[in-house]
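Containing CSV, C-alpha atoms: upload-v1.csv.
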```csv
chain,number,residue,atom,x,y,z
G,1,MET,CA,81.2,99.9,67.8
G,2,ALA,CA,82.4,96.3,67.4
G,3,ALA,CA,81.0,93.6,69.8
G,4,GLY,CA,82.9,93.5,73.1
G,5,ALA,CA,84.8,96.8,72.3
G,6,LEU,CA,84.9,99.3,75.2
G,7,PRO,CA,83.4,102.8,74.4
G,8,ARG,CA,85.9,105.7,74.2
G,9,GLY,CA,85.6,109.4,75.0
G,10,PRO,CA,82.6,110.7,76.9
G,11,ALA,CA,80.6,107.6,76.2
G,12,ALA,CA,83.3,105.6,78.1
G,13,THR,CA,82.6,107.6,81.3
G,14,LEU,CA,78.9,107.0,81.0
G,15,ALA,CA,79.3,103.3,80.4
G,16,LEU,CA,81.5,102.6,83.4
G,17,PRO,CA,79.8,101.7,86.7
G,18,MET,CA,80.2,104.4,89.3
G,19,ILE,CA,82.8,104.3,92.0
G,20,GLU,CA,81.5,105.7,95.3
G,21,ARG,CA,82.5,109.3,96.1
G,22,ARG,CA,84.4,108.5,99.3
G,23,LEU,CA,86.4,105.9,97.4
G,24,LYS,CA,87.2,108.4,94.6
G,25,ILE,CA,88.5,110.9,97.3
G,26,LEU,CA,90.7,108.1,98.8
G,27,ILE,CA,92.1,107.2,95.4
G,28,LEU,CA,93.1,110.8,94.7
G,29,VAL,CA,94.6,111.3,98.2
G,30,PHE,CA,96.6,108.0,98.0
G,31,LEU,CA,97.8,108.4,94.4
G,32,TRP,CA,98.9,112.1,94.9
G,33,ALA,CA,100.6,111.3,98.2
G,34,ALA,CA,102.4,108.3,96.6
G,35,LEU,CA,103.4,110.4,93.6
G,36,VAL,CA,104.8,113.2,95.8
G,37,GLU,CA,106.7,110.7,98.0
G,38,ASP,CA,108.2,108.8,95.1
G,39,THR,CA,109.2,112.1,93.3
G,40,LEU,CA,110.9,113.4,96.5
G,41,LEU,CA,112.7,110.1,97.0
G,42,VAL,CA,114.1,110.3,93.4
G,43,VAL,CA,115.2,113.9,93.9
G,44,MET,CA,116.8,113.2,97.2
G,45,ALA,CA,118.6,110.1,95.9
G,46,TRP,CA,120.0,111.9,92.9
G,47,LEU,CA,120.7,115.4,94.3
G,48,ALA,CA,121.4,114.8,97.9
G,49,PRO,CA,122.3,111.1,98.6
G,50,ASP,CA,124.4,112.2,101.6
G,51,LEU,CA,121.3,113.7,103.2
G,52,TRP,CA,119.5,110.3,102.8
G,53,PHE,CA,122.3,108.5,104.7
G,54,ARG,CA,122.6,111.3,107.4
G,55,VAL,CA,118.8,111.5,108.0
G,56,PHE,CA,118.0,107.8,107.9
G,57,HIS,CA,121.2,106.2,109.1
G,58,ALA,CA,123.3,108.8,110.8
G,59,SER,CA,126.2,107.8,108.6
G,60,THR,CA,128.0,108.7,105.4
G,61,PRO,CA,127.5,106.4,102.4
G,62,GLY,CA,130.0,103.6,101.6
G,63,SER,CA,131.5,102.9,98.3
G,64,LEU,CA,128.4,101.3,96.6
G,65,ASP,CA,125.7,102.8,98.8
G,66,VAL,CA,125.0,105.8,96.5
G,67,ALA,CA,124.9,103.6,93.5
G,68,PHE,CA,122.3,101.2,95.1
G,69,LEU,CA,120.3,104.2,96.4
G,70,ARG,CA,120.2,105.6,92.9
G,71,ARG,CA,119.2,102.2,91.5
G,72,SER,CA,116.3,102.3,93.9
G,73,ALA,CA,115.5,105.8,92.6
G,74,GLY,CA,115.0,104.3,89.2
G,75,GLN,CA,112.3,102.1,90.6
G,76,TRP,CA,110.7,105.1,92.4
G,77,ALA,CA,110.8,107.0,89.2
G,78,ALA,CA,108.9,104.2,87.5
G,79,PHE,CA,106.4,104.1,90.3
G,80,ALA,CA,105.9,107.9,90.0
G,81,LEU,CA,105.4,107.6,86.3
G,82,ALA,CA,102.8,104.8,86.7
G,83,GLN,CA,101.0,106.8,89.4
G,84,ALA,CA,101.0,110.0,87.3
G,85,ILE,CA,99.5,108.1,84.4
G,86,ALA,CA,97.0,106.5,86.7
G,87,LEU,CA,96.0,109.9,88.1
G,88,GLY,CA,95.3,111.1,84.5
G,89,ARG,CA,93.6,107.9,83.2
G,90,TRP,CA,91.8,106.0,86.0
G,91,ARG,CA,88.4,107.7,85.5
G,92,ARG,CA,88.3,106.7,81.8
G,93,ASP,CA,90.3,103.5,82.0
G,94,PRO,CA,90.0,102.0,85.5
G,95,VAL,CA,92.5,99.3,84.7
G,96,TRP,CA,95.1,101.9,85.8
G,97,LEU,CA,93.8,101.5,89.3
G,98,ALA,CA,94.9,97.9,89.2
G,99,ILE,CA,98.2,98.8,87.6
G,100,ALA,CA,98.9,101.4,90.4
G,101,ALA,CA,97.9,98.8,93.0
G,102,GLY,CA,100.5,96.4,91.5
G,103,VAL,CA,103.1,99.1,91.7
G,104,ARG,CA,102.4,99.9,95.3
G,105,PHE,CA,102.1,96.2,96.2
G,106,SER,CA,105.6,95.6,94.9
G,107,ASP,CA,106.9,98.5,96.9
G,108,LEU,CA,105.5,97.0,100.1
G,109,PHE,CA,108.1,94.2,99.8
G,110,THR,CA,111.1,96.5,99.0
G,111,ASP,CA,110.2,98.6,102.0
G,112,LEU,CA,110.0,95.6,104.3
G,113,ALA,CA,113.3,94.2,102.9
G,114,TYR,CA,115.1,97.5,103.4
G,115,VAL,CA,113.9,98.0,107.0
G,116,ALA,CA,114.8,94.3,107.8
G,117,SER,CA,118.3,94.4,106.2
G,118,VAL,CA,119.6,97.9,107.0
G,119,PRO,CA,122.2,97.8,109.8
G,120,TYR,CA,121.0,101.0,111.6
G,121,LEU,CA,118.2,103.4,111.4
G,122,THR,CA,117.8,106.7,113.2
G,123,ARG,CA,114.6,107.5,115.1
G,124,ILE,CA,113.4,109.6,112.2
G,125,GLY,CA,114.4,106.7,109.9
G,126,TRP,CA,112.2,104.4,111.8
G,127,ALA,CA,109.4,106.9,111.9
G,128,LEU,CA,109.6,107.6,108.2
G,129,LEU,CA,110.3,104.0,106.9
G,130,LEU,CA,108.0,101.9,109.0
G,131,PRO,CA,104.6,103.4,107.9
G,132,PRO,CA,105.0,103.1,104.1
G,133,PRO,CA,104.5,99.3,104.0
G,134,ILE,CA,101.3,99.6,105.9
G,135,LEU,CA,100.1,102.6,103.9
G,136,ASN,CA,101.0,100.8,100.7
G,137,LEU,CA,98.8,97.8,101.8
G,138,VAL,CA,95.9,100.1,102.6
G,139,GLY,CA,96.4,101.9,99.3
G,140,VAL,CA,96.4,98.6,97.4
G,141,VAL,CA,93.1,97.6,99.1
G,142,ILE,CA,91.6,101.0,98.1
G,143,LEU,CA,92.7,100.9,94.5
G,144,LEU,CA,91.6,97.3,94.0
G,145,ARG,CA,88.3,97.9,95.7
G,146,ALA,CA,87.7,100.8,93.3
G,147,TYR,CA,88.7,98.8,90.3
G,148,ARG,CA,86.3,96.0,91.3
G,149,GLN,CA,83.5,98.6,91.8
G,150,SER,CA,84.3,100.0,88.3
G,151,ALA,CA,84.0,96.5,86.8
G,152,GLY,CA,80.4,96.3,88.1
```

As structure tokens:
Amino acid sequence: MAAGALPRGPAATLALPMIERRLKILILVFLWAALVEDTLLVVMAWLAPDLWFRVFHASTPGSLDVAFLRRSAGQWAAFALAQAIALGRWRRDPVWLAIAAGVRFSDLFTDLAYVASVPYLTRIGWALLLPPPILNLVGVVILLRAYRQSAG
């Protein structure tokens, strides 16, 4: 192996410092929950945008509302893809923990901007849209802590 090259295959797993078990569980719970959430948002935005506006805003969409919702769905699809890759790769290549943390950190700002700018939210809208920024911040801390542990 060349100097400075990272080991690949089973040797890579042995060469990486261990992430504590509790943190591994939190990584899996967070990444799976975020993947499911983003996937459901994409499906809802594309297949049932009227449901989005009814549930979260007690309204029907305006002329460009569905287009902007589906634009957001493109971002959620990218998040889901990055998280799916991270789920499959983080044990062998911990940099995916940092990548997933970056994805979730960027979503924190879009969540806050949406809640701050939307003209009206239903009670269920508030209940479902306020926790994600906090959960994303917690997830970012978990993922970056694990990445740091993996770096030794």

Point to revise | Pairwise distance for atom CA of G:Phe109 and atom CA of G:Arg22, rounded to one decimal in Å | key: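 About the pair atom CA of G:Phe109 and atom CA of G:Arg22: they are 27.7 Å apart.
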
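The shortest atom-to-atom distance to G:Asp107, with only C-alpha atoms taken into account, belongs to G:Asn136 out of G:Thr60, G:Leu35, G:Asn136, G:Glu20.
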
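Among G:Phe79, G:Val55, G:Leu23, G:Leu69, the residue with the shortest atom-to-atom distance to G:Asp38, counting all atoms listed in the file, is G:Phe79.
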
Review point. Which residue out of G:Ala34, G:Leu121, G:Leu137, G:Ile85 has the minimum interatomic distance to G:Arg54 when only C-alpha atoms are used?
Key: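 The closest residue to G:Arg54 is G:Leu121.
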
Could you list, as a compact mmCIF listing (two decimals) with C-alpha atoms, in the frame of the given file, every residue within 12 Å of stretch 110-115 of chain G, counting only C-alpha atoms and ignoring same-chain residues fewer than 4 positions away?
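Result file result-v3.txt:
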```
# COMPACT_ATOMS: atom_id res chain seq x y z
CA PHE G 56 118.00 107.80 107.90
CA HIS G 57 121.20 106.20 109.10
CA PHE G 68 122.30 101.20 95.10
CA LEU G 69 120.30 104.20 96.40
CA SER G 72 116.30 102.30 93.90
CA GLN G 75 112.30 102.10 90.60
CA TRP G 76 110.70 105.10 92.40
CA VAL G 103 103.10 99.10 91.70
CA ARG G 104 102.40 99.90 95.30
CA PHE G 105 102.10 96.20 96.20
CA SER G 106 105.60 95.60 94.90
CA PRO G 119 122.20 97.80 109.80
CA TYR G 120 121.00 101.00 111.60
CA LEU G 121 118.20 103.40 111.40
CA THR G 122 117.80 106.70 113.20
CA GLY G 125 114.40 106.70 109.90
CA TRP G 126 112.20 104.40 111.80
CA ALA G 127 109.40 106.90 111.90
CA LEU G 128 109.60 107.60 108.20
CA LEU G 129 110.30 104.00 106.90
CA LEU G 130 108.00 101.90 109.00
CA PRO G 131 104.60 103.40 107.90
CA PRO G 132 105.00 103.10 104.10
CA PRO G 133 104.50 99.30 104.00
CA ILE G 134 101.30 99.60 105.90
CA LEU G 135 100.10 102.60 103.90
CA ASN G 136 101.00 100.80 100.70
CA LEU G 137 98.80 97.80 101.80
```

Practice item. Grab the atom CA of G:Tyr147 to atom CA of G:Ala77 distance for me, in Å with one decimal place. Key: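 A separation of 23.6 Å between them.
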
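For the set G:Val36, G:Leu41, G:Leu143, G:Ala73, the residue with the smallest atom-to-atom gap to G:Trp90 is G:Leu143, counting only C-alpha atoms.
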
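Rounded to one decimal, atom CA of G:Val141 and atom CA of G:Ala100 lie 11.1 Å from each other.
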
Study note, to complete from the structure: Closest of G:Val43, G:Ile124, G:Ala84, G:Leu144 to G:Leu31, counting only C-alpha atoms, is G:Ala84
